[in-house]
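Chemist: Okay, here's the structure, questions in a sec.
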Amino acid sequence: MPSSSPPARRPLPRSLIDADSLREPLSTFDGVDEAVWIEVIRKMDEVYNDLLQYEVALEQKNAALEDSQQFIESVLSSMSDILIVCNRHGAIQEVNDSLRRFIGQEEEALRGRPVSDLFADEASQQRARDFFSAARPATVQDCELRIMGRDGSPLPVSLNCTPRLSGTGKLVGMVLTGRPVGELRRAYHALRQAHDDLKRTQQQLLQAEKMASLGRLVAGVAHELNNPISFVLGNVLAIRRYAGRLATYLQAVHAGEQVSTPELERLRQELRIDRIMQDLTPLLDGMTEGAERTRDIVDGLKRFSAIDRRVDEAFDLTEVVGRAVRWVTRSGLRSLSVKVDLPERLPVHGSSGQMQQVLMNVVQNACDATAAGDRPTLEIAAEQRDGMVTVHFSDNGPGITPENLARLFDPFFTTKPVGQGTGLGLSISYGIVERHGGRLEAANRPEGGARFSLSLPLVQG
């Protein structure tokens, strides 16, 4: 606020301050001492000085008032939201430029009119009148009414109405502010679009990390599939040999009278038909078991690699831990000794594919951390408490440095060389566990090495 320098003191007239010039006239008044007149003149001088000071103060306050008025006018004219100031009876006292542009009318034409006249339909007009009907109107937030636009079309506006009080707290009117709903809807649409884009990007990062993990585990999956497939193939070859013998024997049986009973008995012993019949059931059972194991492996692989749409299935955490350990160890560090001490079943709720990704990341990190050790070891144990299960993954590696421990779950943070890690594994795993209502934590063991703890709620009953 600009300040005005006090004006120079105006010199008093010589006739007011020169007592010598008044000595002769003063002596003409009998009974009046000269000192009295000098005191009168001094008092007049003080009064004049006070008047000058009051004038300076008044000029300064007037300048400050003009600055404040200009500031308020500039703020009102710069507002993008509409502003209407009314008295306590609902008559318009002042509006801003935004409203004038919005409805196409000047302030002079609006001043003194009921504010309800601005609205396009009877419902909006009645709602506006209700703002002023109570003796002590309350604040109104986000009330959508329709104002008549400059082109004559009704436009929806979200209004806020706030009581305006005097310095003594007496109600003197209401202040209405608002914004066209179209702008709010566009802003909401932009926000929702950004949120959807973020969710798609997050899903793409999740799938990219999952595919990277899947690529590292191809060898382990191939080895896992090789055993049941080899088992089924061996049984198929045995059954094929048996099929040839059975065909020979059945031809002799169907020959009827041409082959005697002793001849059939000799052929039955030679072809070992009785042994074939005894072996058929175990061979078929073995093939069924091998096919089921292959199906389970492929099913687990599909659940792991698929994009999860919903997280609403019950699954056994013990089974998922075992599968994750098998896949990682058979594709990575073969010398890693894994000791698993888990209950037979740990029923939890969520996505088994997403949880397998978490567990494989944790086991893979343990493999990488212990690779340089003499006897790499990973111990997996669980404890249950208050409806929660906590699975601890403890390795005998070098542990985690304090500065890295604080950033371990940050996106794109990794201590691995370039090309060996994206820095997304633990970050994505942390988010997955949180969405399952659990926690994923990391710490250093007192005896050395790192410990990751996965906590999830158990399925009750």
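Following the order of the structure tokens, first chain is A, next is B, and so on, with residues numbered from 1 inside each chain and ligands from 1 in the order they appear.
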Give the helix (DSSP H, G or I) residues of segment 319-449 of chain A, as DSSP finds them on the backbone, and put them as an NGL selection string.
Modeler: :A and (319-331 or 352-370 or 402-405 or 425-435)
Chemist: Skipping near chain neighbours, those fewer than 5 positions away, what residues fall within 9 Å of Gly286 of chain A using only C-alpha atoms, listed as a list in words?
Modeler: Phe231, Val232, Asn235, Thr281 and Ala291 of chain A
Chemist: Output N, CA, C and O atoms for every residue in the selection just made, as a compact mmCIF listing (two decimals), in the first residue's frame.
Modeler:
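again.txt, freshly written:
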# COMPACT_ATOMS: atom_id res chain seq x y z
N PHE A 231 7.10 -89.90 -17.49
CA PHE A 231 6.40 -91.00 -16.84
C PHE A 231 5.25 -91.49 -17.73
O PHE A 231 5.06 -92.70 -17.95
N VAL A 232 4.46 -90.58 -18.27
CA VAL A 232 3.34 -90.95 -19.14
C VAL A 232 3.87 -91.61 -20.41
O VAL A 232 3.31 -92.62 -20.88
N ASN A 235 4.90 -95.24 -19.80
CA ASN A 235 3.74 -96.12 -19.65
C ASN A 235 3.04 -96.37 -20.99
O ASN A 235 2.53 -97.46 -21.26
N THR A 281 -3.83 -101.86 -14.95
CA THR A 281 -4.40 -100.87 -14.01
C THR A 281 -3.33 -99.94 -13.44
O THR A 281 -3.51 -98.71 -13.44
N ALA A 291 -0.60 -87.21 -16.10
CA ALA A 291 -1.39 -86.21 -16.82
C ALA A 291 -1.93 -85.15 -15.87
O ALA A 291 -1.95 -83.95 -16.19
Chemist: Using only C-alpha atoms, which residues of segment 293-405 of chain A come within 9 Å of segment 427-433 of chain A, and what is the closest atom pair for each, with the distance in Å to one decimal? Give it as CSV, sorted by chain and residue number.
Modeler:
residue,atom,partner,partner_atom,distance
A:Gln354,CA,A:Ile432,CA,6.9
A:Met355,CA,A:Ile432,CA,7.4
A:Gln357,CA,A:Ser429,CA,7.4
A:Val358,CA,A:Ser429,CA,4.9
A:Leu359,CA,A:Ser429,CA,8.4
A:Asn361,CA,A:Ser429,CA,7.6
A:Val362,CA,A:Ser429,CA,8.8
Chemist: From segment 353-407 of chain A, collect each residue whose DSSP state is strand (DSSP E) and return the set as a list in words.
Modeler: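 Those residues are Thr377, Leu378, Glu379, Ile380, Ala381, Ala382, Glu383, Gln384, Arg385, Met388, Val389, Thr390, Val391, His392, Phe393, Ser394 and Asp395 of chain A.
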Chemist: Would you export the selected residues with N, CA and C atoms as a tab-separated table (two decimals), in the first residue's frame, please?
Modeler:
chain	number	residue	atom	x	y	z
A	377	THR	N	21.63	-70.99	1.71
A	377	THR	CA	20.51	-71.61	2.40
A	377	THR	C	19.35	-70.64	2.49
A	378	LEU	N	18.15	-71.17	2.32
A	378	LEU	CA	16.92	-70.40	2.49
A	378	LEU	C	15.99	-71.21	3.38
A	379	GLU	N	15.56	-70.59	4.48
A	379	GLU	CA	14.65	-71.24	5.42
A	379	GLU	C	13.29	-70.54	5.35
A	380	ILE	N	12.23	-71.35	5.17
A	380	ILE	CA	10.87	-70.83	5.06
A	380	ILE	C	10.05	-71.42	6.20
A	381	ALA	N	9.53	-70.56	7.05
A	381	ALA	CA	8.72	-71.00	8.18
A	381	ALA	C	7.54	-70.06	8.34
A	382	ALA	N	6.52	-70.53	9.08
A	382	ALA	CA	5.30	-69.74	9.24
A	382	ALA	C	4.86	-69.72	10.68
A	383	GLU	N	4.18	-68.65	11.05
A	383	GLU	CA	3.55	-68.56	12.36
A	383	GLU	C	2.16	-67.96	12.18
A	384	GLN	N	1.21	-68.45	12.98
A	384	GLN	CA	-0.18	-67.98	12.89
A	384	GLN	C	-0.55	-67.30	14.19
A	385	ARG	N	-1.22	-66.12	14.04
A	385	ARG	CA	-1.61	-65.37	15.23
A	385	ARG	C	-2.73	-64.40	14.85
A	388	MET	N	-4.08	-64.21	11.34
A	388	MET	CA	-3.09	-63.87	10.31
A	388	MET	C	-2.03	-64.95	10.26
A	389	VAL	N	-1.47	-65.16	9.07
A	389	VAL	CA	-0.33	-66.05	8.91
A	389	VAL	C	0.83	-65.22	8.40
A	390	THR	N	2.00	-65.41	9.00
A	390	THR	CA	3.22	-64.72	8.58
A	390	THR	C	4.24	-65.75	8.15
A	391	VAL	N	4.64	-65.69	6.89
A	391	VAL	CA	5.64	-66.60	6.34
A	391	VAL	C	6.97	-65.86	6.28
A	392	HIS	N	8.00	-66.40	6.93
A	392	HIS	CA	9.32	-65.79	6.97
A	392	HIS	C	10.25	-66.50	5.98
A	393	PHE	N	10.95	-65.71	5.18
A	393	PHE	CA	11.95	-66.21	4.23
A	393	PHE	C	13.31	-65.70	4.70
A	394	SER	N	14.10	-66.58	5.30
A	394	SER	CA	15.38	-66.19	5.91
A	394	SER	C	16.52	-66.81	5.12
A	395	ASP	N	17.45	-65.98	4.65
A	395	ASP	CA	18.61	-66.49	3.91
A	395	ASP	C	19.89	-66.19	4.68
Chemist: Given only C-alpha atoms as the basis, pick out the residue of A:Leu426, A:Leu118, A:Ala247, A:Ala194 nearest to Ile84 of chain A.
Modeler: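 That would be A:Leu118, the residue with the smallest distance to Ile84 of chain A.
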Chemist: Any idea what the distance is between atom CA of Val325 of chain A and atom CA of Asp368 of chain A?
Modeler: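 So the two atoms, atom CA of Val325 of chain A and atom CA of Asp368 of chain A, lie 13.6 Å apart.
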Chemist: Residues within 8 Å of segment 89-106 of chain A, please, as a PyMOL selection string. Count only C-alpha atoms; anything in the same chain fewer than 2 positions from it doesn't count.
Modeler: chain A and resi 76-87+108-116+129+132+147-151+173-174
Chemist: Write out, as a PDB file, in the first residue's frame, the residues just selected, with N, CA and C atoms.
Modeler:
ATOM      1  N   LEU A  76     -12.192  -9.212  -8.063  1.00  0.00           N
ATOM      2  CA  LEU A  76     -13.532  -9.568  -8.528  1.00  0.00           C
ATOM      3  C   LEU A  76     -13.581  -9.700 -10.042  1.00  0.00           C
ATOM      4  N   SER A  77     -12.890  -8.789 -10.746  1.00  0.00           N
ATOM      5  CA  SER A  77     -12.907  -8.858 -12.205  1.00  0.00           C
ATOM      6  C   SER A  77     -12.086 -10.022 -12.744  1.00  0.00           C
ATOM      7  N   SER A  78     -11.130 -10.526 -11.949  1.00  0.00           N
ATOM      8  CA  SER A  78     -10.279 -11.631 -12.403  1.00  0.00           C
ATOM      9  C   SER A  78     -10.843 -13.001 -12.071  1.00  0.00           C
ATOM     10  N   MET A  79     -11.886 -13.047 -11.245  1.00  0.00           N
ATOM     11  CA  MET A  79     -12.458 -14.342 -10.847  1.00  0.00           C
ATOM     12  C   MET A  79     -13.114 -15.024 -12.035  1.00  0.00           C
ATOM     13  N   SER A  80     -12.826 -16.312 -12.199  1.00  0.00           N
ATOM     14  CA  SER A  80     -13.508 -17.088 -13.237  1.00  0.00           C
ATOM     15  C   SER A  80     -14.862 -17.587 -12.744  1.00  0.00           C
ATOM     16  N   ASP A  81     -15.027 -17.754 -11.423  1.00  0.00           N
ATOM     17  CA  ASP A  81     -16.305 -18.156 -10.855  1.00  0.00           C
ATOM     18  C   ASP A  81     -17.229 -16.938 -10.796  1.00  0.00           C
ATOM     19  N   ILE A  82     -18.523 -17.193 -10.885  1.00  0.00           N
ATOM     20  CA  ILE A  82     -19.472 -16.095 -10.783  1.00  0.00           C
ATOM     21  C   ILE A  82     -19.648 -15.710  -9.316  1.00  0.00           C
ATOM     22  N   LEU A  83     -19.951 -14.423  -9.066  1.00  0.00           N
ATOM     23  CA  LEU A  83     -20.110 -13.900  -7.709  1.00  0.00           C
ATOM     24  C   LEU A  83     -21.312 -12.971  -7.696  1.00  0.00           C
ATOM     25  N   ILE A  84     -22.202 -13.199  -6.714  1.00  0.00           N
ATOM     26  CA  ILE A  84     -23.395 -12.365  -6.539  1.00  0.00           C
ATOM     27  C   ILE A  84     -23.479 -11.994  -5.068  1.00  0.00           C
ATOM     28  N   VAL A  85     -23.541 -10.701  -4.773  1.00  0.00           N
ATOM     29  CA  VAL A  85     -23.695 -10.201  -3.406  1.00  0.00           C
ATOM     30  C   VAL A  85     -25.107  -9.662  -3.269  1.00  0.00           C
ATOM     31  N   CYS A  86     -25.864 -10.182  -2.277  1.00  0.00           N
ATOM     32  CA  CYS A  86     -27.256  -9.785  -2.074  1.00  0.00           C
ATOM     33  C   CYS A  86     -27.440  -9.266  -0.654  1.00  0.00           C
ATOM     34  N   ASN A  87     -28.489  -8.456  -0.486  1.00  0.00           N
ATOM     35  CA  ASN A  87     -28.850  -8.072   0.874  1.00  0.00           C
ATOM     36  C   ASN A  87     -29.661  -9.203   1.501  1.00  0.00           C
ATOM     37  N   GLU A 108     -25.674  -2.421 -13.743  1.00  0.00           N
ATOM     38  CA  GLU A 108     -26.695  -1.417 -13.455  1.00  0.00           C
ATOM     39  C   GLU A 108     -28.098  -1.998 -13.635  1.00  0.00           C
ATOM     40  N   ALA A 109     -28.241  -2.889 -14.628  1.00  0.00           N
ATOM     41  CA  ALA A 109     -29.550  -3.498 -14.854  1.00  0.00           C
ATOM     42  C   ALA A 109     -29.887  -4.561 -13.822  1.00  0.00           C
ATOM     43  N   LEU A 110     -28.870  -5.082 -13.151  1.00  0.00           N
ATOM     44  CA  LEU A 110     -29.093  -6.158 -12.180  1.00  0.00           C
ATOM     45  C   LEU A 110     -29.260  -5.642 -10.763  1.00  0.00           C
ATOM     46  N   ARG A 111     -28.648  -4.518 -10.447  1.00  0.00           N
ATOM     47  CA  ARG A 111     -28.643  -4.036  -9.070  1.00  0.00           C
ATOM     48  C   ARG A 111     -30.065  -3.729  -8.608  1.00  0.00           C
ATOM     49  N   GLY A 112     -30.423  -4.294  -7.465  1.00  0.00           N
ATOM     50  CA  GLY A 112     -31.740  -4.089  -6.881  1.00  0.00           C
ATOM     51  C   GLY A 112     -32.757  -5.144  -7.273  1.00  0.00           C
ATOM     52  N   ARG A 113     -32.499  -5.958  -8.289  1.00  0.00           N
ATOM     53  CA  ARG A 113     -33.432  -7.001  -8.692  1.00  0.00           C
ATOM     54  C   ARG A 113     -33.326  -8.211  -7.776  1.00  0.00           C
ATOM     55  N   PRO A 114     -34.406  -8.981  -7.618  1.00  0.00           N
ATOM     56  CA  PRO A 114     -34.309 -10.220  -6.840  1.00  0.00           C
ATOM     57  C   PRO A 114     -33.362 -11.201  -7.524  1.00  0.00           C
ATOM     58  N   VAL A 115     -32.552 -11.857  -6.737  1.00  0.00           N
ATOM     59  CA  VAL A 115     -31.589 -12.782  -7.312  1.00  0.00           C
ATOM     60  C   VAL A 115     -32.279 -13.962  -7.990  1.00  0.00           C
ATOM     61  N   SER A 116     -33.502 -14.265  -7.573  1.00  0.00           N
ATOM     62  CA  SER A 116     -34.229 -15.389  -8.176  1.00  0.00           C
ATOM     63  C   SER A 116     -34.552 -15.135  -9.643  1.00  0.00           C
ATOM     64  N   ARG A 129     -34.966 -18.511  -3.717  1.00  0.00           N
ATOM     65  CA  ARG A 129     -35.711 -17.773  -2.692  1.00  0.00           C
ATOM     66  C   ARG A 129     -35.588 -18.419  -1.328  1.00  0.00           C
ATOM     67  N   PHE A 132     -33.020 -17.272   1.351  1.00  0.00           N
ATOM     68  CA  PHE A 132     -33.230 -16.076   2.165  1.00  0.00           C
ATOM     69  C   PHE A 132     -34.477 -16.176   3.042  1.00  0.00           C
ATOM     70  N   ILE A 147     -29.185 -21.325 -14.517  1.00  0.00           N
ATOM     71  CA  ILE A 147     -29.188 -19.885 -14.765  1.00  0.00           C
ATOM     72  C   ILE A 147     -29.407 -19.642 -16.253  1.00  0.00           C
ATOM     73  N   MET A 148     -30.173 -18.585 -16.550  1.00  0.00           N
ATOM     74  CA  MET A 148     -30.421 -18.235 -17.940  1.00  0.00           C
ATOM     75  C   MET A 148     -29.167 -17.617 -18.546  1.00  0.00           C
ATOM     76  N   GLY A 149     -28.602 -18.251 -19.559  1.00  0.00           N
ATOM     77  CA  GLY A 149     -27.381 -17.782 -20.192  1.00  0.00           C
ATOM     78  C   GLY A 149     -27.633 -16.606 -21.106  1.00  0.00           C
ATOM     79  N   ARG A 150     -26.540 -16.077 -21.637  1.00  0.00           N
ATOM     80  CA  ARG A 150     -26.654 -14.887 -22.475  1.00  0.00           C
ATOM     81  C   ARG A 150     -27.385 -15.168 -23.785  1.00  0.00           C
ATOM     82  N   ASP A 151     -27.378 -16.439 -24.214  1.00  0.00           N
ATOM     83  CA  ASP A 151     -28.084 -16.781 -25.445  1.00  0.00           C
ATOM     84  C   ASP A 151     -29.508 -17.249 -25.185  1.00  0.00           C
ATOM     85  N   GLY A 173     -26.754  -9.952   4.647  1.00  0.00           N
ATOM     86  CA  GLY A 173     -26.996 -10.440   3.297  1.00  0.00           C
ATOM     87  C   GLY A 173     -26.377 -11.801   3.061  1.00  0.00           C
ATOM     88  N   MET A 174     -26.321 -12.191   1.780  1.00  0.00           N
ATOM     89  CA  MET A 174     -25.774 -13.475   1.385  1.00  0.00           C
ATOM     90  C   MET A 174     -24.819 -13.278   0.209  1.00  0.00           C
TER      91      MET A 174
END
Chemist: Can you list, as JSON, numbers by chain, every protein, DNA or RNA residue that comes within 12 Å of Met287 of chain A when you count only C-alpha atoms, leaving out same-chain residues fewer than 6 positions away?
Modeler: {"A": [227, 228, 229, 230, 231, 232, 233, 234, 235, 236, 237, 238, 239, 280, 281, 293, 294]}
Chemist: Atom CA of Phe452 of chain A and atom CA of Glu344 of chain A are how many Å apart?
Modeler: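 Computed distance, atom CA of Phe452 of chain A to atom CA of Glu344 of chain A, equals 21.1 Å.
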Chemist: Between A:Leu267, A:Tyr54, A:Pro262, A:Asp130, which is the closest to Tyr249 of chain A once you count only C-alpha atoms?
Modeler: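 Smallest distance to Tyr249 of chain A is found for A:Leu267.
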